[in-house]
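Coordinates from my_file-v2.pdb are shown below (PDB, C-alpha atoms).
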ATOM      1  CA  MET A   1       0.266  16.917   4.030
ATOM      2  CA  THR A   2      -0.517  19.226   6.924
ATOM      3  CA  GLU A   3      -0.647  22.597   5.266
ATOM      4  CA  PRO A   4      -3.995  24.138   4.575
ATOM      5  CA  SER A   5      -5.262  23.688   1.062
ATOM      6  CA  ALA A   6      -5.067  26.673  -1.184
ATOM      7  CA  ALA A   7      -8.772  26.930  -1.754
ATOM      8  CA  ASP A   8      -9.713  27.161   1.897
ATOM      9  CA  PRO A   9      -7.147  27.929   4.575
ATOM     10  CA  ALA A  10      -9.318  26.248   7.222
ATOM     11  CA  VAL A  11      -9.073  22.831   5.579
ATOM     12  CA  THR A  12      -5.870  20.866   5.851
ATOM     13  CA  ASP A  13      -4.682  18.517   3.142
ATOM     14  CA  ASP A  14      -4.955  15.674   5.666
ATOM     15  CA  ALA A  15      -8.671  16.377   6.045
ATOM     16  CA  VAL A  16      -9.072  16.481   2.276
ATOM     17  CA  ALA A  17      -7.270  13.142   1.949
ATOM     18  CA  ILE A  18      -9.410  11.496   4.622
ATOM     19  CA  ALA A  19     -12.651  12.643   2.995
ATOM     20  CA  ALA A  20     -11.456  11.594  -0.451
ATOM     21  CA  ALA A  21     -10.306   8.175   0.757
ATOM     22  CA  GLN A  22     -13.638   7.495   2.435
ATOM     23  CA  ALA A  23     -15.551   8.461  -0.690
ATOM     24  CA  ALA A  24     -13.284   6.295  -2.852
ATOM     25  CA  ILE A  25     -13.462   3.144  -0.734
ATOM     26  CA  ASP A  26     -17.256   3.452  -0.540
ATOM     27  CA  THR A  27     -17.491   3.389  -4.340
ATOM     28  CA  PRO A  28     -18.690   0.084  -5.830
ATOM     29  CA  GLY A  29     -15.890  -1.620  -7.736
ATOM     30  CA  VAL A  30     -13.122  -0.455  -5.383
ATOM     31  CA  THR A  31     -11.761  -3.250  -3.210
ATOM     32  CA  ARG A  32      -8.981  -1.340  -1.499
ATOM     33  CA  LEU A  33      -6.786   1.718  -1.615
ATOM     34  CA  VAL A  34      -3.033   1.450  -2.132
ATOM     35  CA  PRO A  35      -0.718   3.919  -0.418
ATOM     36  CA  ALA A  36       2.573   4.766  -2.037
ATOM     37  CA  ILE A  37       5.538   2.909  -0.551
ATOM     38  CA  GLY A  38       6.915   6.055   1.064
ATOM     39  CA  TYR A  39       3.756   6.562   3.080
ATOM     40  CA  LEU A  40       3.771   2.934   4.149
ATOM     41  CA  ILE A  41       7.300   3.153   5.535
ATOM     42  CA  ARG A  42       6.421   6.352   7.353
ATOM     43  CA  ASP A  43       3.357   4.644   8.873
ATOM     44  CA  ALA A  44       5.368   1.615   9.986
ATOM     45  CA  VAL A  45       7.984   3.768  11.708
ATOM     46  CA  SER A  46       5.306   5.933  13.281
ATOM     47  CA  GLY A  47       3.426   2.860  14.525
ATOM     48  CA  LEU A  48       6.512   1.351  16.138
ATOM     49  CA  ALA A  49       7.363   4.678  17.769
ATOM     50  CA  ARG A  50       3.857   4.864  19.185
ATOM     51  CA  GLN A  51       4.166   1.356  20.611
ATOM     52  CA  LEU A  52       7.533   2.074  22.189
ATOM     53  CA  THR A  53       6.226   5.215  23.845
ATOM     54  CA  GLY A  54       3.010   3.546  24.975
ATOM     55  CA  GLN A  55       0.710   5.608  22.795
ATOM     56  CA  GLN A  56      -2.418   4.131  21.335
ATOM     57  CA  LEU A  57      -2.086   2.918  17.771
ATOM     58  CA  ALA A  58      -4.165   4.609  15.156
ATOM     59  CA  PRO A  59      -6.967   2.253  14.111
ATOM     60  CA  GLU A  60      -6.557   0.410  10.823
ATOM     61  CA  THR A  61      -8.928   1.694   8.207
ATOM     62  CA  ARG A  62      -9.750   0.651   4.677
ATOM     63  CA  ALA A  63     -10.198   4.289   3.810
ATOM     64  CA  ASP A  64      -6.445   4.838   3.880
ATOM     65  CA  PRO A  65      -5.733   8.555   3.368
ATOM     66  CA  ASP A  66      -2.137   7.732   2.452
ATOM     67  CA  ALA A  67      -3.473   6.423  -0.858
ATOM     68  CA  VAL A  68      -4.494   9.965  -1.706
ATOM     69  CA  GLU A  69      -1.848  12.367  -2.937
ATOM     70  CA  VAL A  70      -2.851  15.976  -2.491
ATOM     71  CA  GLU A  71      -1.142  18.665  -4.516
ATOM     72  CA  ARG A  72      -1.692  22.365  -4.819
ATOM     73  CA  VAL A  73      -0.663  23.777  -8.143
ATOM     74  CA  ASP A  74      -1.220  27.464  -8.828
ATOM     75  CA  GLY A  75      -4.030  27.558  -6.315
ATOM     76  CA  ALA A  76      -5.795  24.541  -7.766
ATOM     77  CA  LEU A  77      -6.324  21.429  -5.734
ATOM     78  CA  ARG A  78      -5.276  18.190  -7.413
ATOM     79  CA  LEU A  79      -5.828  14.735  -6.001
ATOM     80  CA  THR A  80      -4.479  11.397  -7.204
ATOM     81  CA  ILE A  81      -6.099   8.310  -5.722
ATOM     82  CA  ARG A  82      -4.517   4.855  -6.017
ATOM     83  CA  ILE A  83      -7.021   2.015  -6.037
ATOM     84  CA  VAL A  84      -7.367  -1.694  -6.653
ATOM     85  CA  ALA A  85     -10.493  -2.386  -8.693
ATOM     86  CA  THR A  86     -12.644  -5.509  -8.658
ATOM     87  CA  GLY A  87     -13.557  -5.309 -12.351
ATOM     88  CA  THR A  88     -17.256  -5.473 -11.581
ATOM     89  CA  PRO A  89     -18.490  -2.927 -12.533
ATOM     90  CA  PRO A  90     -15.906  -2.431 -15.285
ATOM     91  CA  VAL A  91     -12.734  -0.554 -14.380
ATOM     92  CA  LEU A  92     -13.599   2.360 -16.641
ATOM     93  CA  ALA A  93     -16.955   2.865 -14.937
ATOM     94  CA  THR A  94     -15.366   2.486 -11.515
ATOM     95  CA  ILE A  95     -12.849   5.225 -12.279
ATOM     96  CA  GLY A  96     -15.636   7.570 -13.297
ATOM     97  CA  ALA A  97     -17.632   6.715 -10.197
ATOM     98  CA  VAL A  98     -14.635   7.331  -7.925
ATOM     99  CA  ARG A  99     -13.969  10.716  -9.474
ATOM    100  CA  THR A 100     -17.599  11.750  -9.132
ATOM    101  CA  ALA A 101     -17.857  10.475  -5.556
ATOM    102  CA  VAL A 102     -14.689  12.251  -4.442
ATOM    103  CA  GLU A 103     -15.616  15.508  -6.138
ATOM    104  CA  GLN A 104     -19.054  15.446  -4.522
ATOM    105  CA  ALA A 105     -17.642  14.539  -1.105
ATOM    106  CA  LEU A 106     -15.147  17.402  -1.140
ATOM    107  CA  ALA A 107     -17.785  19.852  -2.306
ATOM    108  CA  ALA A 108     -20.227  18.709   0.364
ATOM    109  CA  ALA A 109     -17.740  18.585   3.220
ATOM    110  CA  PHE A 110     -15.556  21.598   2.514
ATOM    111  CA  GLY A 111     -17.034  23.423  -0.460
ATOM    112  CA  LEU A 112     -13.885  22.586  -2.400
ATOM    113  CA  THR A 113     -13.452  21.979  -6.089
ATOM    114  CA  ALA A 114     -10.682  19.564  -6.984
ATOM    115  CA  GLN A 115      -9.242  17.912 -10.055
ATOM    116  CA  VAL A 116      -9.348  14.208  -9.286
ATOM    117  CA  SER A 117      -7.137  11.637 -11.002
ATOM    118  CA  VAL A 118      -7.427   7.912 -10.450
ATOM    119  CA  LEU A 119      -4.664   5.331 -10.854
ATOM    120  CA  VAL A 120      -5.751   1.691 -10.937
ATOM    121  CA  VAL A 121      -2.731  -0.120  -9.504
ATOM    122  CA  ASP A 122      -4.164  -3.619  -9.879
ATOM    123  CA  THR A 123      -7.354  -5.564 -10.318
ATOM    124  CA  ALA A 124      -8.459  -8.174  -7.800
ATOM    125  CA  TRP A 125     -11.020 -10.490  -9.337
ATOM    126  CA  GLU A 126     -13.210 -12.317  -6.893
ATOM    127  CA  PRO A 127     -13.758 -16.052  -7.475
ATOM    128  CA  ASP A 128     -17.459 -15.620  -8.255
ATOM    129  CA  ALA A 129     -16.667 -12.858 -10.748
ATOM    130  CA  SER A 130     -15.509 -15.271 -13.440
ATOM    131  CA  PRO A 131     -16.768 -14.440 -16.901
ATOM    132  CA  SER A 132     -18.620 -17.732 -17.160
ATOM    133  CA  ALA A 133     -20.443 -17.014 -13.907
ATOM    134  CA  ARG A 134     -21.739 -13.696 -15.165
TER     135      ARG A 134
ATOM    136  CA  MET B   1      61.439  -5.783  38.942
ATOM    137  CA  ALA B   2      59.785  -3.509  41.345
ATOM    138  CA  VAL B   3      56.134  -2.937  40.921
ATOM    139  CA  ASP B   4      55.538   0.690  41.550
ATOM    140  CA  GLN B   5      52.249   1.132  39.748
ATOM    141  CA  VAL B   6      48.987  -0.535  40.661
ATOM    142  CA  ASP B   7      45.956  -0.670  38.384
ATOM    143  CA  PRO B   8      43.428   1.844  39.543
ATOM    144  CA  VAL B   9      40.548   0.289  41.390
ATOM    145  CA  GLU B  10      37.031   1.331  40.431
ATOM    146  CA  PRO B  11      36.029   3.512  43.324
ATOM    147  CA  ALA B  12      32.855   2.713  45.177
ATOM    148  CA  PRO B  13      30.007   5.088  44.480
ATOM    149  CA  ASP B  14      30.142   8.123  46.607
ATOM    150  CA  ALA B  15      28.022   8.133  49.663
ATOM    151  CA  LEU B  16      24.805  10.028  49.530
ATOM    152  CA  PRO B  17      24.821  13.514  51.122
ATOM    153  CA  CYS B  18      23.043  11.887  54.059
ATOM    154  CA  GLY B  19      26.019   9.593  54.561
ATOM    155  CA  ARG B  20      24.296   6.352  53.424
ATOM    156  CA  ASP B  21      25.708   4.024  50.789
ATOM    157  CA  PRO B  22      23.419   4.336  47.743
ATOM    158  CA  LEU B  23      23.898   0.669  46.751
ATOM    159  CA  THR B  24      22.830  -0.469  50.198
ATOM    160  CA  VAL B  25      19.823   1.840  50.140
ATOM    161  CA  VAL B  26      18.759   0.546  46.729
ATOM    162  CA  ASP B  27      19.359  -3.104  47.630
ATOM    163  CA  ASP B  28      17.281  -2.711  50.779
ATOM    164  CA  ALA B  29      14.500  -1.023  48.824
ATOM    165  CA  ARG B  30      14.480  -3.823  46.250
ATOM    166  CA  ALA B  31      14.176  -6.325  49.093
ATOM    167  CA  GLY B  32      11.320  -4.329  50.593
ATOM    168  CA  ARG B  33      13.326  -3.176  53.574
ATOM    169  CA  ILE B  34      13.073   0.580  53.643
ATOM    170  CA  SER B  35      14.298   2.073  56.844
ATOM    171  CA  ALA B  36      12.629   4.946  58.630
ATOM    172  CA  HIS B  37      15.515   7.146  57.558
ATOM    173  CA  SER B  38      15.196   6.205  53.902
ATOM    174  CA  ARG B  39      11.457   6.894  53.983
ATOM    175  CA  SER B  40      12.010  10.478  55.044
ATOM    176  CA  CYS B  41      15.398  11.206  53.433
ATOM    177  CA  GLU B  42      15.141  12.969  50.097
ATOM    178  CA  TYR B  43      18.513  11.661  48.937
ATOM    179  CA  CYS B  44      17.647   8.061  49.711
ATOM    180  CA  GLN B  45      14.255   8.505  48.020
ATOM    181  CA  GLN B  46      15.925   9.972  44.956
ATOM    182  CA  ALA B  47      18.286   6.989  44.719
ATOM    183  CA  ILE B  48      15.375   4.564  45.110
ATOM    184  CA  ASP B  49      13.292   6.403  42.469
ATOM    185  CA  GLU B  50      16.162   6.426  39.997
ATOM    186  CA  ASP B  51      16.656   2.696  40.507
ATOM    187  CA  ARG B  52      12.950   2.027  39.936
ATOM    188  CA  LEU B  53      12.957   4.147  36.785
ATOM    189  CA  LEU B  54      15.997   2.280  35.498
ATOM    190  CA  ALA B  55      14.329  -1.068  36.220
ATOM    191  CA  THR B  56      11.194   0.054  34.348
ATOM    192  CA  VAL B  57      13.237   1.133  31.354
ATOM    193  CA  ARG B  58      15.034  -2.224  31.323
ATOM    194  CA  GLU B  59      11.707  -4.065  31.457
ATOM    195  CA  ILE B  60      10.378  -2.049  28.503
ATOM    196  CA  GLU B  61      13.613  -2.589  26.629
ATOM    197  CA  ALA B  62      13.400  -6.348  27.158
ATOM    198  CA  GLU B  63       9.813  -6.587  25.951
ATOM    199  CA  PRO B  64       9.438  -7.635  22.320
ATOM    200  CA  VAL B  65       7.527  -5.113  20.239
ATOM    201  CA  PRO B  66       4.660  -6.986  18.598
ATOM    202  CA  ALA B  67       3.864  -5.765  15.122
ATOM    203  CA  PRO B  68       0.148  -5.680  14.219
ATOM    204  CA  ASP B  69      -0.987  -8.802  12.373
ATOM    205  CA  THR B  70      -2.105  -6.707   9.459
ATOM    206  CA  LEU B  71       1.227  -4.978   9.007
ATOM    207  CA  LEU B  72       3.110  -7.639   7.049
ATOM    208  CA  PRO B  73       0.336  -8.449   4.550
ATOM    209  CA  ARG B  74      -0.179  -4.739   4.017
ATOM    210  CA  VAL B  75       3.509  -4.104   3.480
ATOM    211  CA  MET B  76       3.903  -7.031   1.110
ATOM    212  CA  ALA B  77       0.800  -6.142  -0.902
ATOM    213  CA  THR B  78       2.104  -2.646  -1.346
ATOM    214  CA  VAL B  79       5.631  -3.754  -2.105
ATOM    215  CA  PHE B  80       4.417  -6.109  -4.816
ATOM    216  CA  ALA B  81       2.099  -3.465  -6.197
ATOM    217  CA  GLU B  82       4.975  -0.997  -6.204
ATOM    218  CA  LEU B  83       7.525  -3.327  -7.718
ATOM    219  CA  ARG B  84       5.472  -5.069 -10.367
ATOM    220  CA  PRO B  85       3.036  -2.556 -11.778
ATOM    221  CA  GLY B  86       5.145  -1.530 -14.751
ATOM    222  CA  ARG B  87       4.351   1.658 -16.558
ATOM    223  CA  GLN B  88       1.205   3.672 -16.105
ATOM    224  CA  ILE B  89      -1.021   3.782 -19.143
ATOM    225  CA  ALA B  90      -3.513   6.609 -19.628
ATOM    226  CA  LEU B  91      -6.957   5.453 -20.626
ATOM    227  CA  PRO B  92      -7.857   6.905 -24.024
ATOM    228  CA  ALA B  93     -11.535   7.246 -23.204
ATOM    229  CA  VAL B  94     -10.873   9.455 -20.198
ATOM    230  CA  GLY B  95      -7.512  11.116 -20.732
ATOM    231  CA  PRO B  96      -4.569  11.699 -18.427
ATOM    232  CA  SER B  97      -6.727  11.935 -15.302
ATOM    233  CA  ALA B  98      -7.376   8.191 -15.419
ATOM    234  CA  SER B  99      -4.634   5.647 -15.781
ATOM    235  CA  VAL B 100      -3.941   2.012 -15.058
ATOM    236  CA  THR B 101      -0.747   0.116 -14.477
ATOM    237  CA  GLU B 102       0.417  -2.598 -16.842
ATOM    238  CA  LEU B 103      -0.107  -4.973 -13.920
ATOM    239  CA  ALA B 104      -3.809  -4.121 -13.723
ATOM    240  CA  ILE B 105      -4.287  -4.845 -17.428
ATOM    241  CA  VAL B 106      -2.333  -8.099 -17.274
ATOM    242  CA  SER B 107      -4.268  -9.279 -14.186
ATOM    243  CA  THR B 108      -7.546  -8.621 -15.949
ATOM    244  CA  LEU B 109      -6.494 -10.345 -19.157
ATOM    245  CA  ARG B 110      -5.181 -13.396 -17.326
ATOM    246  CA  HIS B 111      -8.390 -13.703 -15.340
ATOM    247  CA  HIS B 112     -10.518 -13.800 -18.483
ATOM    248  CA  LEU B 113      -8.179 -15.848 -20.659
ATOM    249  CA  ASP B 114      -7.902 -18.512 -17.957
ATOM    250  CA  GLU B 115     -11.553 -19.235 -18.648
ATOM    251  CA  LEU B 116     -10.724 -20.591 -22.106
ATOM    252  CA  PRO B 117     -10.579 -24.363 -21.615
ATOM    253  CA  ASP B 118      -7.986 -25.110 -24.296
ATOM    254  CA  LEU B 119      -5.497 -22.476 -23.202
ATOM    255  CA  ILE B 120      -2.853 -22.020 -20.509
ATOM    256  CA  VAL B 121      -1.343 -18.555 -20.517
ATOM    257  CA  HIS B 122       2.395 -18.584 -19.851
ATOM    258  CA  ARG B 123       3.519 -15.002 -20.299
ATOM    259  CA  CYS B 124       1.401 -11.923 -20.774
ATOM    260  CA  ARG B 125       2.887  -8.519 -21.445
ATOM    261  CA  VAL B 126       1.321  -5.265 -22.470
ATOM    262  CA  ARG B 127       2.880  -2.092 -23.705
ATOM    263  CA  ALA B 128       1.325   1.191 -24.621
ATOM    264  CA  GLY B 129       1.985   2.847 -27.932
ATOM    265  CA  GLU B 130       2.643   6.520 -28.274
ATOM    266  CA  PRO B 131      -0.310   8.817 -27.581
ATOM    267  CA  ALA B 132      -2.600   9.312 -30.555
ATOM    268  CA  GLY B 133      -1.442  12.074 -32.836
ATOM    269  CA  GLU B 134       1.799  12.947 -34.527
ATOM    270  CA  LEU B 135       3.962  10.825 -32.232
ATOM    271  CA  ARG B 136       2.261   7.548 -33.070
ATOM    272  CA  PRO B 137       3.331   5.974 -36.361
ATOM    273  CA  GLU B 138       0.539   5.137 -38.768
ATOM    274  CA  GLY B 139      -0.881   1.694 -38.093
ATOM    275  CA  GLU B 140       0.645   1.496 -34.621
ATOM    276  CA  PRO B 141      -2.032   0.514 -32.066
ATOM    277  CA  ALA B 142      -2.637   2.253 -28.748
ATOM    278  CA  LEU B 143      -1.926  -0.960 -26.878
ATOM    279  CA  VAL B 144      -0.005  -4.108 -27.755
ATOM    280  CA  VAL B 145      -0.595  -7.389 -25.942
ATOM    281  CA  GLU B 146       2.042 -10.119 -26.241
ATOM    282  CA  LEU B 147       0.988 -13.568 -25.101
ATOM    283  CA  THR B 148       2.813 -16.845 -24.968
ATOM    284  CA  ALA B 149       0.643 -19.826 -24.180
ATOM    285  CA  ALA B 150       0.178 -23.568 -24.302
ATOM    286  CA  GLY B 151      -2.722 -24.916 -26.329
ATOM    287  CA  ALA B 152      -4.625 -28.133 -25.950
ATOM    288  CA  TYR B 153      -3.307 -30.870 -28.216
ATOM    289  CA  GLN B 154      -6.782 -31.548 -29.551
ATOM    290  CA  ALA B 155      -7.555 -27.884 -30.220
ATOM    291  CA  ASP B 156      -7.398 -26.073 -33.547
ATOM    292  CA  LEU B 157      -4.692 -23.546 -32.675
ATOM    293  CA  ALA B 158      -5.713 -21.046 -35.317
ATOM    294  CA  ASP B 159      -9.245 -21.077 -33.972
ATOM    295  CA  LEU B 160      -7.928 -20.867 -30.407
ATOM    296  CA  ALA B 161      -5.780 -17.854 -31.299
ATOM    297  CA  ASP B 162      -8.882 -16.165 -32.721
ATOM    298  CA  GLN B 163     -10.740 -16.866 -29.481
ATOM    299  CA  VAL B 164      -7.852 -15.396 -27.495
ATOM    300  CA  ARG B 165      -7.803 -12.243 -29.619
ATOM    301  CA  ALA B 166     -11.578 -11.845 -29.447
ATOM    302  CA  THR B 167     -11.585 -12.275 -25.679
ATOM    303  CA  ALA B 168      -8.705  -9.849 -25.201
ATOM    304  CA  HIS B 169     -10.290  -7.227 -27.459
ATOM    305  CA  ARG B 170     -13.654  -7.528 -25.694
ATOM    306  CA  VAL B 171     -12.152  -7.342 -22.201
ATOM    307  CA  LEU B 172      -9.869  -4.414 -22.987
ATOM    308  CA  ARG B 173     -12.739  -2.507 -24.557
ATOM    309  CA  GLU B 174     -15.274  -3.240 -21.811
ATOM    310  CA  GLN B 175     -12.932  -2.812 -18.861
ATOM    311  CA  PHE B 176     -10.601  -0.045 -19.973
ATOM    312  CA  GLY B 177     -12.056   1.505 -23.095
ATOM    313  CA  PHE B 178      -9.228   0.406 -25.420
ATOM    314  CA  ASP B 179     -10.449   0.028 -29.004
ATOM    315  CA  ASP B 180      -7.154   0.169 -30.860
ATOM    316  CA  VAL B 181      -5.357  -2.962 -29.693
ATOM    317  CA  ARG B 182      -3.063  -5.532 -31.269
ATOM    318  CA  VAL B 183      -2.879  -8.983 -29.696
ATOM    319  CA  ASP B 184       0.109 -11.194 -30.592
ATOM    320  CA  VAL B 185      -0.328 -14.841 -29.637
ATOM    321  CA  GLU B 186       2.513 -17.349 -29.707
ATOM    322  CA  PHE B 187       1.942 -20.989 -28.802
ATOM    323  CA  VAL B 188       5.067 -22.348 -27.150
ATOM    324  CA  ASP B 189       3.735 -25.658 -25.831
ATOM    325  CA  LEU B 190       0.946 -28.203 -26.146
ATOM    326  CA  PHE B 191      -0.863 -30.134 -23.448
ATOM    327  CA  THR B 192      -3.430 -32.875 -23.397
ATOM    328  CA  LEU B 193      -6.662 -32.038 -21.623
ATOM    329  CA  ALA B 194      -5.865 -34.654 -18.979
ATOM    330  CA  ASP B 195      -2.622 -32.747 -18.216
ATOM    331  CA  GLY B 196      -3.744 -29.191 -18.030
ATOM    332  CA  GLY B 197      -7.308 -28.684 -19.083
ATOM    333  CA  ASP B 198     -10.493 -29.438 -17.213
TER     334      ASP B 198
END
Could you render the structure from this file as structure tokens?
Amino acid sequence: MTEPSAADPAVTDDAVAIAAAQAAIDTPGVTRLVPAIGYLIRDAVSGLARQLTGQQLAPETRADPDAVEVERVDGALRLTIRIVATGTPPVLATIGAVRTAVEQALAAAFGLTAQVSVLVVDTAWEPDASPSAR
Amino acid sequence: MAVDQVDPVEPAPDALPCGRDPLTVVDDARAGRISAHSRSCEYCQQAIDEDRLLATVREIEAEPVPAPDTLLPRVMATVFAELRPGRQIALPAVGPSASVTELAIVSTLRHHLDELPDLIVHRCRVRAGEPAGELRPEGEPALVVELTAAGAYQADLADLADQVRATAHRVLREQFGFDDVRVDVEFVDLFTLADGGD
């Protein structure tokens, strides 16, 4: 994910993923982002290598850019974001809010237009979010 | 029997170009005894530096590498999410750009059905039907929920099954936008409220 995006050669896919992840995690109803297993293994190996060579570890962040898959298809930018939703607000509304937030963030930061897909990997209901409590 | 051959003896390291024994130079340096010659001799200094570098490498090698506390929970959460999610199901109200895993639907259903006092959910499975259109047979719903559960001994099971279906339909509609759902409920056990209900 280091090549420039097709829409703007000055913006790398990593930068796009970071901006998208931040917008997604800031959306109400999103409790965390879920990277794909391949990214997680890569991060673990990279982290251990950094420790062995005495380099500073990258800070942990909830806005995990590895949860954002960036693709360029025929010049169009496509993003898939993997989230865990809280269920409050409803999952359907959360998905819409994530898409809107990410699209706006990319437009504001880079002037990019992207097709944003959201995959809800799981829901994590908080104890006080029981139906009888609402 | 005559012994003509002798096992070769490991030769001592060659002397440094300055004529000093490198092991002696290094041993002295480790003990803090560096002679005036060794201080100014480039060969002795090189031997001492190499020994220090080797000692540093051995120290690093011996140190355990502590993994961050957050690493294991993060790995396990992702592994479980990766292994258990089941198929991805596109949400009919949004289209292919929004999808949920079977795990997400089951988690949500379990959370809400656990609120029914006369019910203990044992197994909950969901499966998506074919996309609407020619591929989906007539009468086949977009989503099928299969539940096995235990009901309270005192409960009217037919009424309880209706409550389960109503709850599942409401939750799936409100949370995910599914309107076309079939909910199959099978009671496989009974419990008294003292055993399992509150």
Centre and size of axis-aligned box enclosing region 48-56 of chain B plus 6 Å each side, as lines of an AutoDock Vina configuration file:
center_x = 13.9
center_y = 2.7
center_z = 39.7
size_x = 17.5
size_y = 19.5
size_z = 22.8
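Separating CA of Gly129 (chain B) from CA of Leu172 (chain B) is a distance of 14.8 Å.
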For Ala93 (chain A): contacts at 12 Å, all atoms listed in the file, fewer than 3 positions along chain excluded, given as a JSON list (two decimals) with C-alpha atoms, in the coordinates of the input:
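Output file part_10.json follows:
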[["chain", "number", "residue", "atom", "x", "y", "z"],
["A", 27, "THR", "CA", -17.49, 3.39, -4.34],
["A", 28, "PRO", "CA", -18.69, 0.08, -5.83],
["A", 29, "GLY", "CA", -15.89, -1.62, -7.74],
["A", 30, "VAL", "CA", -13.12, -0.46, -5.38],
["A", 85, "ALA", "CA", -10.49, -2.39, -8.69],
["A", 86, "THR", "CA", -12.64, -5.51, -8.66],
["A", 87, "GLY", "CA", -13.56, -5.31, -12.35],
["A", 88, "THR", "CA", -17.26, -5.47, -11.58],
["A", 89, "PRO", "CA", -18.49, -2.93, -12.53],
["A", 90, "PRO", "CA", -15.91, -2.43, -15.28],
["A", 96, "GLY", "CA", -15.64, 7.57, -13.30],
["A", 97, "ALA", "CA", -17.63, 6.72, -10.20],
["A", 98, "VAL", "CA", -14.64, 7.33, -7.92],
["A", 99, "ARG", "CA", -13.97, 10.72, -9.47],
["A", 100, "THR", "CA", -17.60, 11.75, -9.13],
["A", 118, "VAL", "CA", -7.43, 7.91, -10.45],
["A", 120, "VAL", "CA", -5.75, 1.69, -10.94],
["B", 91, "LEU", "CA", -6.96, 5.45, -20.63],
["B", 93, "ALA", "CA", -11.54, 7.25, -23.20],
["B", 94, "VAL", "CA", -10.87, 9.46, -20.20],
["B", 98, "ALA", "CA", -7.38, 8.19, -15.42],
["B", 173, "ARG", "CA", -12.74, -2.51, -24.56],
["B", 174, "GLU", "CA", -15.27, -3.24, -21.81],
["B", 175, "GLN", "CA", -12.93, -2.81, -18.86],
["B", 176, "PHE", "CA", -10.60, -0.04, -19.97],
["B", 177, "GLY", "CA", -12.06, 1.50, -23.10]]
> Leaving out Thr80 (chain A) and any residue of its chain fewer than 3 positions from it, which residues lie within 8 Å of it when counting all atoms listed in the file, given as a list in words?
Replying inline: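 The neighbour list is Val68, Glu69, Val70, Val116, Ser117, Val118 and Leu119 of chain A.
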>> I'd like the neighbourhood of region 102-107 of chain B as an MDAnalysis selection string, where a residue qualifies if any of its atoms comes within 12 Å (using all atoms listed in the file), though same-chain residues fewer than 6 positions away should be ignored.
In response: (chainID A and resid 82:87 91:92 119:126) or (chainID B and resid 80:91 113:114 121:128 143:147 168:169 171:178)
Export C-alpha atoms of the chosen residues as a short mmCIF file (atom, residue, chain, number, x, y, z; two decimals), keeping the file's coordinate frame?
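Listing of part-v2.cif after writing:
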data_model
loop_
_atom_site.label_atom_id
_atom_site.label_comp_id
_atom_site.auth_asym_id
_atom_site.auth_seq_id
_atom_site.Cartn_x
_atom_site.Cartn_y
_atom_site.Cartn_z
CA ARG A 82 -4.52 4.86 -6.02
CA ILE A 83 -7.02 2.02 -6.04
CA VAL A 84 -7.37 -1.69 -6.65
CA ALA A 85 -10.49 -2.39 -8.69
CA THR A 86 -12.64 -5.51 -8.66
CA GLY A 87 -13.56 -5.31 -12.35
CA VAL A 91 -12.73 -0.55 -14.38
CA LEU A 92 -13.60 2.36 -16.64
CA LEU A 119 -4.66 5.33 -10.85
CA VAL A 120 -5.75 1.69 -10.94
CA VAL A 121 -2.73 -0.12 -9.50
CA ASP A 122 -4.16 -3.62 -9.88
CA THR A 123 -7.35 -5.56 -10.32
CA ALA A 124 -8.46 -8.17 -7.80
CA TRP A 125 -11.02 -10.49 -9.34
CA GLU A 126 -13.21 -12.32 -6.89
CA PHE B 80 4.42 -6.11 -4.82
CA ALA B 81 2.10 -3.46 -6.20
CA GLU B 82 4.97 -1.00 -6.20
CA LEU B 83 7.52 -3.33 -7.72
CA ARG B 84 5.47 -5.07 -10.37
CA PRO B 85 3.04 -2.56 -11.78
CA GLY B 86 5.14 -1.53 -14.75
CA ARG B 87 4.35 1.66 -16.56
CA GLN B 88 1.20 3.67 -16.10
CA ILE B 89 -1.02 3.78 -19.14
CA ALA B 90 -3.51 6.61 -19.63
CA LEU B 91 -6.96 5.45 -20.63
CA LEU B 113 -8.18 -15.85 -20.66
CA ASP B 114 -7.90 -18.51 -17.96
CA VAL B 121 -1.34 -18.56 -20.52
CA HIS B 122 2.40 -18.58 -19.85
CA ARG B 123 3.52 -15.00 -20.30
CA CYS B 124 1.40 -11.92 -20.77
CA ARG B 125 2.89 -8.52 -21.44
CA VAL B 126 1.32 -5.26 -22.47
CA ARG B 127 2.88 -2.09 -23.70
CA ALA B 128 1.32 1.19 -24.62
CA LEU B 143 -1.93 -0.96 -26.88
CA VAL B 144 0.00 -4.11 -27.76
CA VAL B 145 -0.60 -7.39 -25.94
CA GLU B 146 2.04 -10.12 -26.24
CA LEU B 147 0.99 -13.57 -25.10
CA ALA B 168 -8.70 -9.85 -25.20
CA HIS B 169 -10.29 -7.23 -27.46
CA VAL B 171 -12.15 -7.34 -22.20
CA LEU B 172 -9.87 -4.41 -22.99
CA ARG B 173 -12.74 -2.51 -24.56
CA GLU B 174 -15.27 -3.24 -21.81
CA GLN B 175 -12.93 -2.81 -18.86
CA PHE B 176 -10.60 -0.04 -19.97
CA GLY B 177 -12.06 1.50 -23.10
CA PHE B 178 -9.23 0.41 -25.42
#
> If you measure from CA of Asp26 (chain A) to CA of Ala63 (chain A), what distance in Å do you get, rounded to one decimal?
Replying inline: 8.3 Å
>> My list of candidates is B:Ile120, B:Leu109, B:Ala36, B:Val100. Which is closest to Thr192 (chain B) when distances are computed with all atoms listed in the file?
In response: B:Ile120
>> Which residue is closest to chain B? Choose from A:Thr113, A:Gln22, A:Gln104, A:Thr94 and count only C-alpha atoms.
In response: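 Using only C-alpha atoms, chain B sits closest to A:Thr94.
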> Using all atoms listed in the file, which residue out of B:Ala161, B:Leu119, B:Ser99, B:His111 lies closest to Ile95 (chain A)?
Replying inline: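 Once distances to Ile95 (chain A) are computed over all atoms listed in the file, the minimum belongs to B:Ser99.
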